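For reference, upload29.cif (mmCIF, C-alpha atoms and all ligand atoms):
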```
data_upload
loop_
_atom_site.label_atom_id
_atom_site.label_comp_id
_atom_site.auth_asym_id
_atom_site.auth_seq_id
_atom_site.Cartn_x
_atom_site.Cartn_y
_atom_site.Cartn_z
CA MET P 1 -93.40 193.50 -24.04
CA THR P 2 -90.25 194.29 -26.00
CA ALA P 3 -87.23 196.36 -25.20
CA ARG P 4 -88.21 198.79 -27.93
CA ARG P 5 -91.47 199.53 -26.15
CA THR P 6 -90.27 199.52 -22.55
CA ALA P 7 -86.89 201.25 -22.69
CA PRO P 8 -86.47 204.88 -23.54
CA SER P 9 -85.53 205.60 -27.10
CA ARG P 10 -82.00 206.84 -27.55
CA LYS P 11 -80.62 209.53 -29.74
CA ARG P 12 -77.88 208.70 -32.21
CA ALA P 13 -74.80 210.90 -31.96
CA SER P 14 -74.28 213.21 -34.84
CA PRO P 15 -72.19 214.04 -36.68
CA VAL P 16 -70.23 210.79 -37.09
CA LYS P 17 -66.91 210.91 -35.30
CA PRO P 18 -63.60 209.87 -36.87
CA VAL P 19 -62.88 206.14 -36.72
CA ALA P 20 -60.06 206.64 -34.28
CA THR P 21 -62.54 207.85 -31.71
CA ARG P 22 -65.35 205.49 -32.69
CA THR P 23 -63.41 202.23 -32.49
CA ARG P 24 -64.34 200.24 -29.46
CA THR P 25 -64.12 196.72 -28.23
CA ALA P 26 -66.96 194.25 -28.11
CA MET P 27 -67.10 194.72 -24.35
CA GLY P 28 -68.87 197.99 -24.87
CA GLU P 29 -66.06 200.39 -24.16
CA ARG P 30 -67.34 203.84 -24.92
CA ALA P 31 -65.65 205.70 -27.71
CA ALA P 32 -65.87 208.91 -25.77
CA THR P 33 -63.71 207.55 -22.96
CA ARG P 34 -61.15 205.75 -25.07
CA LYS P 35 -58.01 207.40 -26.36
CA PRO P 36 -57.63 207.37 -30.11
CA VAL P 37 -55.15 204.76 -31.29
CA ALA P 38 -53.13 207.44 -33.03
CA THR P 39 -52.32 209.14 -29.72
CA HIS P 40 -50.74 205.93 -28.36
CA GLU P 41 -48.20 205.71 -31.13
CA PRO P 42 -44.75 207.02 -30.39
CA ALA P 43 -44.27 210.29 -32.24
CA ALA P 44 -41.30 208.92 -34.16
CA THR P 45 -43.36 206.06 -35.64
CA ARG P 46 -46.53 207.99 -36.26
CA LYS P 47 -47.37 208.70 -39.85
CA PRO P 48 -48.09 212.30 -40.73
CA ALA P 49 -51.82 212.84 -40.96
CA ALA P 50 -51.61 213.41 -44.68
CA THR P 51 -50.07 209.95 -45.27
CA ARG P 52 -52.36 207.95 -42.99
CA LYS P 53 -54.99 205.69 -44.58
CA PRO P 54 -58.37 207.29 -44.87
CA ALA P 55 -60.86 206.04 -42.29
CA ALA P 56 -62.84 204.00 -44.77
CA THR P 57 -59.82 201.93 -45.85
CA ARG P 58 -58.22 201.33 -42.47
CA GLU P 59 -58.14 197.72 -41.36
CA PRO P 60 -60.44 196.66 -38.51
CA ALA P 61 -59.03 197.06 -35.01
CA ALA P 62 -59.04 193.30 -34.53
CA THR P 63 -56.40 192.85 -37.20
CA ARG P 64 -54.31 195.91 -36.41
CA LYS P 65 -51.28 195.49 -34.25
CA PRO P 66 -51.79 197.41 -31.02
CA VAL P 67 -49.22 200.11 -30.62
CA GLY P 68 -47.60 201.10 -27.38
CA THR P 69 -50.02 201.56 -24.54
CA ALA P 70 -52.96 200.89 -26.81
CA LYS P 71 -51.95 197.21 -26.50
CA LEU P 72 -52.21 197.44 -22.75
CA SER P 73 -55.57 199.10 -23.05
CA ALA P 74 -56.89 196.30 -25.26
CA ALA P 75 -55.52 193.69 -22.87
CA ARG P 76 -57.14 195.40 -19.92
CA THR P 77 -60.47 195.48 -21.67
CA SER P 78 -60.30 191.79 -22.45
CA ALA P 79 -59.21 190.92 -18.94
CA ALA P 80 -62.17 192.77 -17.53
CA ALA P 81 -64.43 190.61 -19.64
CA GLY P 82 -62.66 187.48 -18.46
CA GLN P 83 -61.65 186.78 -22.04
CA THR P 84 -58.61 185.05 -23.35
CA ALA P 85 -56.96 186.41 -26.44
CA ALA P 86 -58.17 183.40 -28.39
CA SER P 87 -61.78 183.84 -27.40
CA ARG P 88 -61.98 187.60 -27.72
CA GLU P 89 -64.77 188.90 -29.87
CA PRO P 90 -63.62 190.77 -32.94
CA VAL P 91 -63.39 194.48 -32.45
CA LYS P 92 -65.61 196.32 -34.84
CA GLN P 93 -66.33 199.88 -35.58
CA ALA P 94 -68.94 201.26 -33.29
CA SER P 95 -72.14 202.75 -34.41
CA ALA P 96 -72.79 206.09 -32.83
CA ARG P 97 -73.67 205.59 -29.15
CA SER P 98 -76.42 207.69 -27.84
CA ALA P 99 -75.53 210.15 -25.19
CA GLY P 100 -77.11 210.19 -21.76
CA GLY P 101 -75.81 207.07 -20.05
CA PRO P 102 -76.97 203.45 -19.88
CA PRO P 103 -80.55 202.31 -20.61
CA ALA P 104 -83.24 201.96 -17.97
CA LEU P 105 -82.79 198.75 -16.00
CA ARG P 106 -86.53 198.06 -15.68
CA GLY P 107 -86.96 197.97 -19.44
CA ILE P 108 -83.94 195.73 -19.84
CA VAL P 109 -85.22 193.26 -17.25
CA ALA P 110 -88.72 193.25 -18.79
CA ALA P 111 -87.24 192.46 -22.20
CA LEU P 112 -85.12 189.66 -20.75
CA ARG P 113 -88.19 188.19 -19.08
CA GLU P 114 -89.89 188.12 -22.48
CA LEU P 115 -86.96 186.14 -23.89
CA HIS P 116 -86.11 183.82 -21.02
CA GLY P 117 -89.42 183.49 -19.21
CA ALA P 118 -90.08 184.11 -15.55
CA ALA P 119 -87.18 183.80 -13.16
CA ASP P 120 -87.14 181.23 -10.38
CA THR P 121 -89.32 182.88 -7.77
CA ALA P 122 -88.26 180.76 -4.82
CA PRO P 123 -84.50 180.40 -4.75
CA VAL P 124 -82.97 179.02 -1.58
CA SER P 125 -82.74 181.77 0.99
CA ASP P 126 -80.87 179.98 3.79
CA PRO P 127 -77.32 181.41 4.01
CA TRP P 128 -75.82 178.12 5.26
CA GLU P 129 -77.16 176.19 2.28
CA HIS P 130 -75.78 178.84 -0.02
CA LEU P 131 -72.37 178.66 1.61
CA LEU P 132 -72.31 174.93 1.03
CA ARG P 133 -73.51 175.29 -2.58
CA GLU P 134 -70.76 177.84 -3.26
CA ASN P 135 -68.06 175.49 -2.03
CA VAL P 136 -69.33 172.06 -3.02
CA ALA P 137 -68.54 172.55 -6.71
CA TYR P 138 -66.22 174.59 -8.88
CA LEU P 139 -66.61 175.87 -12.44
CA VAL P 140 -69.61 173.73 -13.30
CA ASP P 141 -73.09 174.66 -14.48
CA ASP P 142 -76.01 175.12 -12.12
CA ALA P 143 -77.44 171.63 -12.71
CA ARG P 144 -74.13 169.95 -11.85
CA ARG P 145 -73.69 172.13 -8.77
CA GLU P 146 -77.19 171.24 -7.60
CA SER P 147 -76.72 167.50 -8.18
CA THR P 148 -73.41 167.63 -6.29
CA PHE P 149 -75.09 169.40 -3.40
CA ARG P 150 -77.82 166.73 -3.38
CA ALA P 151 -75.16 164.01 -3.26
CA LEU P 152 -73.60 165.73 -0.24
CA ARG P 153 -76.97 165.95 1.49
CA GLU P 154 -77.83 162.34 0.72
CA HIS P 155 -74.52 160.61 1.49
CA VAL P 156 -72.98 162.85 4.16
CA GLY P 157 -75.53 165.35 5.39
CA THR P 158 -75.34 169.14 5.48
CA SER P 159 -75.01 169.92 9.17
CA PRO P 160 -71.57 171.10 10.32
CA GLU P 161 -71.34 168.04 12.56
CA GLN P 162 -72.09 165.61 9.74
CA ILE P 163 -69.54 167.22 7.44
CA LEU P 164 -66.83 167.21 10.11
CA ALA P 165 -67.57 163.60 10.99
CA ALA P 166 -67.05 162.43 7.42
CA ASP P 167 -63.69 161.08 6.32
CA LEU P 168 -61.98 163.57 3.99
CA GLY P 169 -61.54 160.93 1.31
CA LYS P 170 -65.19 159.94 1.45
CA LEU P 171 -66.26 163.57 1.34
CA ALA P 172 -64.12 164.13 -1.76
CA GLN P 173 -65.57 161.02 -3.38
CA VAL P 174 -69.15 162.11 -2.73
CA ILE P 175 -68.61 165.53 -4.31
CA GLU P 176 -66.28 164.32 -7.06
CA ARG P 177 -68.67 165.23 -9.89
CA GLY P 178 -68.66 168.88 -8.83
CA GLY P 179 -65.63 169.82 -10.90
CA MET P 180 -61.91 170.03 -10.40
CA GLN P 181 -59.96 169.29 -7.22
CA PRO P 182 -62.53 167.37 -5.18
CA GLU P 183 -60.16 167.07 -2.19
CA HIS P 184 -59.63 170.81 -2.15
CA ARG P 185 -63.39 171.35 -2.25
CA ALA P 186 -63.83 168.80 0.51
CA ARG P 187 -61.38 170.75 2.68
CA LYS P 188 -63.31 173.95 1.98
CA LEU P 189 -66.53 172.27 3.09
CA ARG P 190 -64.82 171.20 6.30
CA ARG P 191 -63.58 174.77 6.82
CA CYS P 192 -67.16 175.99 6.35
CA ALA P 193 -68.35 173.48 8.93
CA GLU P 194 -65.66 174.54 11.43
CA LEU P 195 -66.57 178.20 11.01
CA ALA P 196 -70.28 177.42 11.33
CA GLN P 197 -69.58 175.61 14.58
CA ASP P 198 -67.47 178.49 15.88
CA ILE P 199 -70.04 181.11 14.95
CA GLY P 200 -73.13 179.01 15.50
CA LEU P 201 -75.55 178.35 12.66
CA GLU P 202 -78.38 180.18 14.38
CA THR P 203 -76.15 183.15 15.08
CA LEU P 204 -75.21 183.22 11.40
CA ARG P 205 -78.84 183.03 10.29
CA ASP P 206 -79.90 185.66 12.82
CA ALA P 207 -77.16 188.00 11.64
CA VAL P 208 -78.34 187.71 8.04
CA CYS P 209 -81.97 188.19 9.09
CA ALA P 210 -81.06 191.29 11.09
CA ALA P 211 -79.36 192.90 8.11
CA GLY P 212 -81.20 195.65 6.32
CA PRO P 213 -80.54 198.12 3.56
CA ASP P 214 -78.06 200.05 5.68
CA GLY P 215 -76.54 200.08 9.08
CA ARG P 216 -74.39 198.18 11.50
CA ALA P 217 -76.37 194.96 11.33
CA THR P 218 -75.60 194.61 7.64
CA GLY P 219 -71.93 195.22 8.31
CA VAL P 220 -71.93 192.49 10.96
CA ALA P 221 -73.60 190.02 8.59
CA ARG P 222 -71.19 190.87 5.76
CA ARG P 223 -68.14 190.40 7.93
CA MET P 224 -69.47 187.08 9.16
CA LEU P 225 -70.25 185.78 5.66
CA LYS P 226 -66.90 186.90 4.27
CA LYS P 227 -65.07 184.66 6.73
CA PHE P 228 -66.23 181.65 4.72
CA PRO P 229 -64.23 180.26 1.79
CA GLY P 230 -65.21 181.67 -1.58
CA ILE P 231 -67.21 184.58 -0.19
CA GLY P 232 -66.07 188.08 -1.02
CA GLU P 233 -68.09 191.25 -1.36
CA PRO P 234 -70.11 189.95 -4.36
CA GLY P 235 -70.79 186.66 -2.58
CA ALA P 236 -71.94 188.40 0.59
CA ASP P 237 -74.17 190.67 -1.52
CA LYS P 238 -75.71 187.63 -3.20
CA LEU P 239 -76.46 185.84 0.05
CA LEU P 240 -78.03 188.98 1.48
CA LEU P 241 -80.01 189.55 -1.72
CA LEU P 242 -81.41 186.02 -1.72
CA ALA P 243 -82.25 186.35 1.97
CA ARG P 244 -84.21 189.48 0.95
CA ARG P 245 -82.06 191.59 3.25
CA ALA P 246 -80.03 193.81 0.92
CA GLU P 247 -80.98 196.36 -1.72
CA THR P 248 -78.43 195.19 -4.21
CA LEU P 249 -78.45 193.47 -7.57
CA ALA P 250 -75.41 191.36 -6.64
CA PRO P 251 -74.53 190.58 -10.27
CA ASP P 252 -72.39 187.50 -10.75
CA SER P 253 -69.74 187.47 -13.47
CA ASN P 254 -72.29 186.65 -16.19
CA ALA P 255 -74.70 189.40 -15.16
CA LEU P 256 -71.84 191.82 -14.72
CA ARG P 257 -70.70 191.18 -18.30
CA VAL P 258 -74.20 192.08 -19.55
CA LEU P 259 -74.28 195.26 -17.47
CA VAL P 260 -70.84 196.32 -18.72
CA ARG P 261 -71.77 195.70 -22.34
CA LEU P 262 -74.95 197.69 -21.87
CA GLY P 263 -72.91 200.60 -20.60
CA PHE P 264 -73.64 200.51 -16.86
CA ALA P 265 -69.92 200.37 -16.11
CA GLU P 266 -66.66 200.75 -17.93
CA PRO P 267 -64.64 197.56 -18.29
CA CYS P 268 -61.35 197.46 -16.47
CA ASP P 269 -58.91 194.84 -15.27
CA ASP P 270 -60.02 195.12 -11.67
CA TYR P 271 -63.08 192.87 -11.19
CA ALA P 272 -63.90 194.37 -7.80
CA ALA P 273 -63.82 197.89 -9.22
CA THR P 274 -66.01 196.92 -12.17
CA TYR P 275 -68.44 195.18 -9.83
CA LYS P 276 -68.61 198.22 -7.57
CA ALA P 277 -69.11 200.60 -10.51
CA ALA P 278 -71.96 198.50 -11.94
CA ALA P 279 -73.60 198.06 -8.54
CA THR P 280 -73.44 201.80 -7.97
CA ALA P 281 -74.81 202.54 -11.45
CA VAL P 282 -77.93 200.39 -10.94
CA ALA P 283 -78.49 201.21 -7.26
CA GLY P 284 -80.96 204.00 -7.97
CA GLN P 285 -83.09 201.75 -10.18
CA LEU P 286 -83.57 198.76 -7.88
CA GLY P 287 -86.72 199.88 -6.10
CA THR P 288 -88.00 198.39 -2.89
CA ASP P 289 -89.37 195.03 -4.07
CA PRO P 290 -86.90 192.26 -3.15
CA GLU P 291 -88.62 189.77 -5.47
CA TRP P 292 -88.03 192.06 -8.45
CA ARG P 293 -84.38 192.47 -7.49
CA ILE P 294 -83.92 188.71 -7.25
CA ALA P 295 -85.65 188.22 -10.61
CA ALA P 296 -83.44 190.91 -12.17
CA HIS P 297 -80.34 189.21 -10.74
CA GLN P 298 -81.40 185.85 -12.14
CA LEU P 299 -82.45 187.10 -15.58
CA LEU P 300 -79.26 189.07 -16.13
CA ARG P 301 -77.24 186.05 -15.04
CA ARG P 302 -79.10 183.72 -17.36
CA HIS P 303 -78.77 186.18 -20.23
CA GLY P 304 -75.01 186.30 -19.68
CA GLN P 305 -74.82 182.50 -19.60
CA GLU P 306 -76.97 181.78 -22.65
CA VAL P 307 -76.97 184.80 -24.96
CA CYS P 308 -74.53 187.51 -23.94
CA ARG P 309 -71.75 184.98 -23.65
CA ARG P 310 -68.15 185.90 -23.06
CA ALA P 311 -67.14 184.79 -26.53
CA GLU P 312 -69.41 185.28 -29.50
CA PRO P 313 -72.45 186.86 -27.86
CA GLN P 314 -75.64 186.10 -29.76
CA CYS P 315 -76.59 189.71 -30.33
CA GLY P 316 -78.85 188.78 -33.24
CA ARG P 317 -81.38 187.22 -30.85
CA CYS P 318 -80.90 189.69 -28.03
CA PRO P 319 -83.95 191.84 -27.29
CA VAL P 320 -81.92 194.63 -25.72
CA ARG P 321 -79.61 195.06 -28.68
CA PRO P 322 -81.10 198.43 -29.68
CA HIS P 323 -79.93 199.75 -26.31
CA CYS P 324 -76.55 198.08 -26.28
CA ALA P 325 -73.39 199.80 -27.43
CA THR P 326 -71.71 196.45 -27.98
CA GLY P 327 -74.67 194.89 -29.79
CA LEU P 328 -74.77 197.76 -32.25
CA VAL P 329 -71.28 196.90 -33.46
CA THR P 330 -71.54 193.10 -33.27
CA ALA P 331 -72.82 191.18 -36.28
S1 LIG N 1 -76.74 193.04 -27.75
FE1 LIG N 1 -77.29 191.66 -26.07
S2 LIG N 1 -76.02 189.83 -26.40
FE2 LIG N 1 -75.11 191.49 -27.61
S3 LIG N 1 -73.55 192.39 -26.27
FE3 LIG N 1 -75.45 193.59 -25.99
S4 LIG N 1 -76.48 192.65 -24.22
FE4 LIG N 1 -74.93 191.19 -24.97
#
```

Would you mind writing the file's structure down as structure tokens?
Amino acid sequence: MTARRTAPSRKRASPVKPVATRTRTAMGERAATRKPVATHEPAATRKPAATRKPAATREPAATRKPVGTAKLSAARTSAAAGQTAASREPVKQASARSAGGPPALRGIVAALRELHGAADTAPVSDPWEHLLRENVAYLVDDARRESTFRALREHVGTSPEQILAADLGKLAQVIERGGMQPEHRARKLRRCAELAQDIGLETLRDAVCAAGPDGRATGVARRMLKKFPGIGEPGADKLLLLARRAETLAPDSNALRVLVRLGFAEPCDDYAATYKAAATAVAGQLGTDPEWRIAAHQLLRRHGQEVCRRAEPQCGRCPVRPHCATGLVTA
């Protein structure tokens, strides 16, 4: 199945708008919501309309010097994508974006499954194991995180008691290959173990199991999970998703980038706000099947890691490009 067959076809806007309103960043910022560059220029420095370059001869946005608050706007957009100035994709003129909001999530996920294959259908569902995996490594790929977790299990053990009994130096040595600051990560593991002892592992697991789509039980589980290092709202969502207890997509930063570029949320410099906007936008399309939600979470994440990368997304091999505002303007 391809995106063209599974997602609804989209109308192209017509007539073509002036460049000032069509220019957008590679993050998928919608032209309709972005102020024209000309309006950001101080009046004293603005050229009269008659003397401005015609649209066809104006230099691309990437090479133009931002003026006034337009510079801030561009910086905000990049920050929302987690981009540095050096790695930012070139800004290109947008093709007309169809009206009517983002594409259908089901079609997007089906197209990504065609490209990437089936998602892992049996990810770890135990919240304690996930808490340890989150904290055992930092800024490494999944394979390195998993091998570091295995080293912890093999040489120290994963019970709170085993982790607390280990010398801090030894703990750091065992998890050294998990990225930067092994001692700091070792302290976070010890903090996890202390909290797990305070709360009780079974109490923690029961709280997660008792959580449902809504209600007090979910709030209790969230509050409990968020006490642990490295777990904020997105992390709590992810643990509840993988435990099949929450109707959420819980996009990580890679999946969130894909959703933003597809138009499910506007980019902004506030990660939490972008996350919330994207989660809200897809909420009505998640359905009741937890396995589908987990697969969607994994496929969007993998797509963000391998194809829709922060810098230089490979739009040419992306099956959802026809539905993507950013892909339509990216070579
Ligand atoms: S076309 Fe695909 S790879 Fe390119 S920005 Fe859109 S979702 Fe990402």

Specify the axis-aligned box that encloses all atoms of ligand LIG 1 (chain N) listed in the file after padding of 3 Å on each side, stating its centre and edge lengths in Å to one decimal as AutoDock Vina command-line options.
```
--center_x -75.4 --center_y 191.7 --center_z -26.0 --size_x 9.7 --size_y 9.8 --size_z 9.5
```

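One finds atom CA of Cys192 of chain P at 10.9 Å from atom CA of Glu161 of chain P.
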
_For atom CA of Gly157 of chain P and atom CA of Asn135 of chain P, the interatomic separation in Å (one decimal)_ =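 About the pair atom CA of Gly157 of chain P and atom CA of Asn135 of chain P: they are 14.6 Å apart.
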
*asked:* Please return as a PyMOL selection string the residues found within 8 Å of ligand LIG 1 (chain N), counting all atoms listed in the file.
replied: chain P and resi 26-28+257-259+261-262+303-304+307-309+313-328+330

C-alpha atoms of the current selection, written as a short mmCIF file (atom, residue, chain, number, x, y, z; two decimals), keeping the file's coordinate frame:
```cif
data_model
loop_
_atom_site.label_atom_id
_atom_site.label_comp_id
_atom_site.auth_asym_id
_atom_site.auth_seq_id
_atom_site.Cartn_x
_atom_site.Cartn_y
_atom_site.Cartn_z
CA ALA P 26 -66.96 194.25 -28.11
CA MET P 27 -67.10 194.72 -24.35
CA GLY P 28 -68.87 197.99 -24.87
CA ARG P 257 -70.70 191.18 -18.30
CA VAL P 258 -74.20 192.08 -19.55
CA LEU P 259 -74.28 195.26 -17.47
CA ARG P 261 -71.77 195.70 -22.34
CA LEU P 262 -74.95 197.69 -21.87
CA HIS P 303 -78.77 186.18 -20.23
CA GLY P 304 -75.01 186.30 -19.68
CA VAL P 307 -76.97 184.80 -24.96
CA CYS P 308 -74.53 187.51 -23.94
CA ARG P 309 -71.75 184.98 -23.65
CA PRO P 313 -72.45 186.86 -27.86
CA GLN P 314 -75.64 186.10 -29.76
CA CYS P 315 -76.59 189.71 -30.33
CA GLY P 316 -78.85 188.78 -33.24
CA ARG P 317 -81.38 187.22 -30.85
CA CYS P 318 -80.90 189.69 -28.03
CA PRO P 319 -83.95 191.84 -27.29
CA VAL P 320 -81.92 194.63 -25.72
CA ARG P 321 -79.61 195.06 -28.68
CA PRO P 322 -81.10 198.43 -29.68
CA HIS P 323 -79.93 199.75 -26.31
CA CYS P 324 -76.55 198.08 -26.28
CA ALA P 325 -73.39 199.80 -27.43
CA THR P 326 -71.71 196.45 -27.98
CA GLY P 327 -74.67 194.89 -29.79
CA LEU P 328 -74.77 197.76 -32.25
CA THR P 330 -71.54 193.10 -33.27
#
```

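Between atom CA of Glu247 of chain P and atom CA of Thr288 of chain P there is a distance of 7.4 Å.
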
*With only C-alpha atoms as the basis for distance, which of P:His155, P:Ser147, P:Leu300, P:Leu131 is at the shortest distance from Arg191 of chain P?*
P:Leu131

_Just want the 7 Å neighbourhood of Leu132 of chain P, counted on all atoms listed in the file, with same-chain residues fewer than 4 positions away dropped. Output as a list of chain:residue names._
P:Trp128, P:Val136, P:Leu189

Write out the residues from the selection above, keeping C-alpha atoms, as a PDB file, in the frame of the given file.
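Saved to selection.pdb:
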```
ATOM      1  CA  TRP P 128     -75.820 178.120   5.260  1.00  0.00           C
ATOM      2  CA  VAL P 136     -69.330 172.060  -3.020  1.00  0.00           C
ATOM      3  CA  LEU P 189     -66.530 172.270   3.090  1.00  0.00           C
TER       4      LEU P 189
END
```

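Remark: for Ile294 of chain P, the closest of the candidate residues P:Arg106, P:Lys238, P:Lys276, P:Arg222 is P:Lys238 (distances computed over all atoms listed in the file).
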
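Distance check against Pro290 of chain P using only C-alpha atoms: of P:Leu240, P:Val220, P:Leu256, P:Val124, the minimum falls on P:Leu240.
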
_Calculated over only C-alpha atoms, which of the candidates P:Arg145, P:Arg310, P:Arg223, P:Arg190 has the smallest distance to Val260 of chain P?_
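Ranked by minimum distance to Val260 of chain P, first place goes to P:Arg310.
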
What are the closest atom pairs, with distances in Å to one decimal, for each residue of segment 240-277 of chain P lying within 12 Å of segment 204-216 of chain P, using all atoms listed in the file, rows by chain and rising residue number, as a tab-separated table?
```
residue	atom	partner	partner_atom	distance
P:Leu240	CA	P:Val208	CA	6.7
P:Leu241	CA	P:Val208	CA	10.1
P:Leu242	CA	P:Val208	CA	10.4
P:Ala243	CA	P:Val208	CA	7.3
P:Arg244	CA	P:Cys209	CA	8.5
P:Arg245	CA	P:Gly212	CA	5.2
P:Ala246	CA	P:Pro213	CA	5.1
P:Glu247	CA	P:Pro213	CA	5.6
P:Thr248	CA	P:Pro213	CA	8.6
```

I need the residues from that last selection saved to file as an mmCIF file, in the frame of the given file (with C-alpha atoms), if you can.
```cif
data_model
loop_
_atom_site.group_PDB
_atom_site.id
_atom_site.type_symbol
_atom_site.label_atom_id
_atom_site.label_comp_id
_atom_site.auth_asym_id
_atom_site.auth_seq_id
_atom_site.Cartn_x
_atom_site.Cartn_y
_atom_site.Cartn_z
ATOM 1 C CA LEU P 240 -78.030 188.980 1.480
ATOM 2 C CA LEU P 241 -80.010 189.550 -1.720
ATOM 3 C CA LEU P 242 -81.410 186.020 -1.720
ATOM 4 C CA ALA P 243 -82.250 186.350 1.970
ATOM 5 C CA ARG P 244 -84.210 189.480 0.950
ATOM 6 C CA ARG P 245 -82.060 191.590 3.250
ATOM 7 C CA ALA P 246 -80.030 193.810 0.920
ATOM 8 C CA GLU P 247 -80.980 196.360 -1.720
ATOM 9 C CA THR P 248 -78.430 195.190 -4.210
#
```

*Do a neighbour search on segment 180-188 of chain P at 10 Å with all atoms listed in the file, toss out local chain neighbours closer than 5 positions, and write the hits as a PyMOL selection string.*
chain P and resi 132+134-140+163-164+166-175+193-194+228-230

*Name the residues in contact with Ala296 of chain P at a cut-off of 9 Å, using all atoms listed in the file, excluding same-chain residues fewer than 2 positions from it; report them as a list in words.*
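Contacts, with the query itself left out: Leu105, Arg106, Val109, Ala110, Leu112, Arg113, Ala119, Leu249, Leu286, Glu291, Trp292, Arg293, Ile294, Gln298, Leu299, Leu300 and Arg301 of chain P.
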
Would you mind listing what lies within 12 Å of Ala272 of chain P as a PDB file with C-alpha atoms, in the frame of the given file, with only C-alpha atoms counted and same-chain residues fewer than 3 positions away left out?
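Writing the result to result.pdb gives the following:
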```pdb
ATOM      1  CA  ALA P  80     -62.170 192.770 -17.530  1.00  0.00           C
ATOM      2  CA  GLY P 232     -66.070 188.080  -1.020  1.00  0.00           C
ATOM      3  CA  GLU P 233     -68.090 191.250  -1.360  1.00  0.00           C
ATOM      4  CA  PRO P 234     -70.110 189.950  -4.360  1.00  0.00           C
ATOM      5  CA  GLY P 235     -70.790 186.660  -2.580  1.00  0.00           C
ATOM      6  CA  ALA P 250     -75.410 191.360  -6.640  1.00  0.00           C
ATOM      7  CA  PRO P 251     -74.530 190.580 -10.270  1.00  0.00           C
ATOM      8  CA  ASP P 252     -72.390 187.500 -10.750  1.00  0.00           C
ATOM      9  CA  SER P 253     -69.740 187.470 -13.470  1.00  0.00           C
ATOM     10  CA  LEU P 256     -71.840 191.820 -14.720  1.00  0.00           C
ATOM     11  CA  ALA P 265     -69.920 200.370 -16.110  1.00  0.00           C
ATOM     12  CA  PRO P 267     -64.640 197.560 -18.290  1.00  0.00           C
ATOM     13  CA  CYS P 268     -61.350 197.460 -16.470  1.00  0.00           C
ATOM     14  CA  ASP P 269     -58.910 194.840 -15.270  1.00  0.00           C
ATOM     15  CA  TYR P 275     -68.440 195.180  -9.830  1.00  0.00           C
ATOM     16  CA  LYS P 276     -68.610 198.220  -7.570  1.00  0.00           C
ATOM     17  CA  ALA P 277     -69.110 200.600 -10.510  1.00  0.00           C
ATOM     18  CA  ALA P 278     -71.960 198.500 -11.940  1.00  0.00           C
ATOM     19  CA  ALA P 279     -73.600 198.060  -8.540  1.00  0.00           C
TER      20      ALA P 279
END
```

*Residues at most 9 Å from Arg144 of chain P, counting all atoms listed in the file, excluding those fewer than 5 positions away in the same chain, as a list in words?*
Ala137, Phe149, Arg177, Gly178 and Gly179 of chain P

*Between P:Ala196, P:Asp237, P:Glu176, P:Ala217, single out the one closest to Leu152 of chain P, counting only C-alpha atoms.*
P:Glu176
